[in-house]
Amino acid sequence: MVEDSILFFDTVVKKEARVARTITDIEVTLGPKAVIGDREGELTVIGMGSSVPENVGIQPGVTVYPNVEASHFTRKEYRTGEIIK
């Protein structure tokens, strides 16, 4: 499910992922069952070439830098205002 978001080309949204109020750059992968953003929160931004792993929750207002690999996500939940490098 994708709502109120801008997904640039070659962004892949895997099965059962939910995306709201998010901007992704090119070549982003959002893993199965990932929950990105919120319908009422701040924008979430995911940089070029990043890959969010399965079952990860990213709250509104989180920024993911470009080229962040799935192995850099060390937790299952990231909170508003966090930056993932």
# chains A, B, ... in the order shown; residues from 1 in each chain; ligands from 1

$ residues_around --residues "Glu69 (chain A)" --least-positions-apart "2" --cutoff "6 Å" --atoms "only C-alpha atoms" --output "JSON, numbers by chain"
{"A": [50, 51, 71, 72]}

$ select_by_dssp --residues "chain A" --states "strand (DSSP E or B)" --output "list of chain:residue names"
A:Val2, A:Glu3, A:Ile6, A:Leu7, A:Val12, A:Val13, A:Arg18, A:Val19, A:Ala20, A:Thr22, A:Ile23, A:Thr24, A:Thr29, A:Leu30, A:Val35, A:Ile36, A:Thr44, A:Val45, A:Ile46, A:Ser51, A:Val52, A:Gly57, A:Ile58, A:Thr63, A:Val64, A:Glu77, A:Tyr78, A:Ile83, A:Ile84

$ residues_around --residues "Phe8 (chain A)" --least-positions-apart "6" --cutoff "6 Å" --atoms "only C-alpha atoms" --output "ChimeraX atom specification"
/A:24-26

$ closest_residue --among "A:Val13, A:Leu30, A:Ile46, A:Ile6" --to "Thr63 (chain A)" --atoms "only C-alpha atoms"
A:Ile46

$ closest_residue --among "A:Ala34, A:Leu43, A:Met48, A:Ile84" --to "Phe9 (chain A)" --atoms "only C-alpha atoms"
A:Met48

$ residues_around --residues "Ile23 (chain A)" --least-positions-apart "2" --cutoff "6 Å" --atoms "only C-alpha atoms" --output "PyMOL selection string"
chain A and resi 5-7+45

$ closest_residue --among "A:Val52, A:Val64, A:Glu42, A:Glu77" --to "Thr11 (chain A)" --atoms "only C-alpha atoms"
A:Val52

$ atom_distance --atom1 "CA of Asp10 (chain A)" --atom2 "CA of Glu27 (chain A)"
4.7 Å

$ closest_residue --among "A:Gly41, A:Gly57, A:Gly49, A:Pro32" --to "Phe73 (chain A)" --atoms "only C-alpha atoms"
A:Gly57
